[in-house]
Structures are given as structure tokens and as C-alpha cells.
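Quick notes on the structure that follows.
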Amino acid sequence: MLERPGRTPLIVVPPDGSPRHRSSAPVVQQDLMPTFLDDGKEKLVWFTLSGEEQFFDLVRDPYESHNAVADPGVQDRISVWRQRLIEELAARPQDGLTDGRRLVAGRNLPSVRPELLSPR
């Protein structure tokens, strides 16, 4: 018997100490990105394969229509976000995305890696 489309559960585990909620309301992919990214006014995007970067000031450019990565006035902010990304990725040496000092491009990682999923 085939399951009906759209009946796959979505399970999101928030960080420890965060409130947990349960809902039977339907969720679509468009709901996820704004929910996960609703935590700041700037956005750095780094493409692991090409090394291309994009930077958006979400206050001035909420529709992300101007990639400000080359703008002189935001280079200090880009450096801050790049360093945060390096620190985050340094905890995942198996990915090979940083040497601890800089980002290392050229890796195309799968979207989901079951070996990294751990039951709680």
C-alpha cells in the first residue's frame, strides 16, 4: 500500500534548552528556510564547490537583489561572518572545508549524510 503524498512527518530538533513544539499543521519546503534563517540582518553565502561568496544586507536589501560581496563598506562584516563560518566548519574536519584559517573550496557534499545523524 502506498502512502498518500504529503504525509511524511517533519522532525526538527532545536538546540538543547530551546522550547519544543508539536503541530499537526502541514509544512511545505517554503516554510523551512525563513524559519531557520530568521535570526539576523546579514547573510553570507559560500558555495563549497566554486568558493563563490555572496553577502546581503537584509535590512537595506530584504529581497537579496544586490550581492554586496565586493562593496568596500562591508568588508569588515564579511570577514566576521567568514571567520564564524570557518570556526563552525573546523568542528567538521571530515568535510575538508577549512584548514582552520581559511575556507577551502572544491568539495561538493551531499545534502544529507545519514552517518552524521544521531538519535537522541
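The way I read the labels, and the way they are meant: chains A, B, ... in the order of the C-alpha cells, residue 1 as the first residue of every chain, and ligand 1 as the first ligand shown, with later ones counted on from there.
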Picked from segment 13-107 of chain A by DSSP as strand (DSSP E or B), as a PyMOL selection string: chain A and resi 42-46+53-57+98+103
Gap from atom CA of Phe56 of chain A to atom CA of Glu42 of chain A - Å, one decimal: 5.7 Å
Among listed residues A:Leu103, A:Leu49, A:Val59, A:Val13, nearest Glu87 of chain A (using only C-alpha atoms):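 Counting only C-alpha atoms, the residue closest to Glu87 of chain A is A:Leu103.
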Members of segment 5-98 of chain A assigned helix (DSSP H, G or I) by DSSP, as a count of residues only: 31
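Using only C-alpha atoms, the smallest distance between any of A:Ser65, A:Gln83, A:Ser24, A:Asn108 and Asp95 of chain A comes from A:Asn108.
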Distance in Å - atom CA of Pro62 of chain A versus atom CA of Leu85 of chain A: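 Distance between the two atoms: 21.8 Å.
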Shell around Ser50 of chain A at 8 Å using only C-alpha atoms, local window under 3 positions removed, as JSON, numbers by chain: {"A": [47, 105, 106]}
From A:Ala25, A:Val104, A:Ile11, A:Leu32, residue lying nearest Ala90 of chain A [only C-alpha atoms]: A:Val104
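Straight-line separation from atom CA of Arg84 of chain A to atom CA of His21 of chain A: 28.9 Å.
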Nearest-residue call for Leu10 of chain A, choices A:Thr48, A:Ser23, A:Thr98, A:Gln54, using only C-alpha atoms: A:Ser23
Residue nearest Ala68 of chain A - candidates A:Val28, A:Leu44, A:Leu89, A:Val80, atoms counted: only C-alpha atoms: A:Leu44
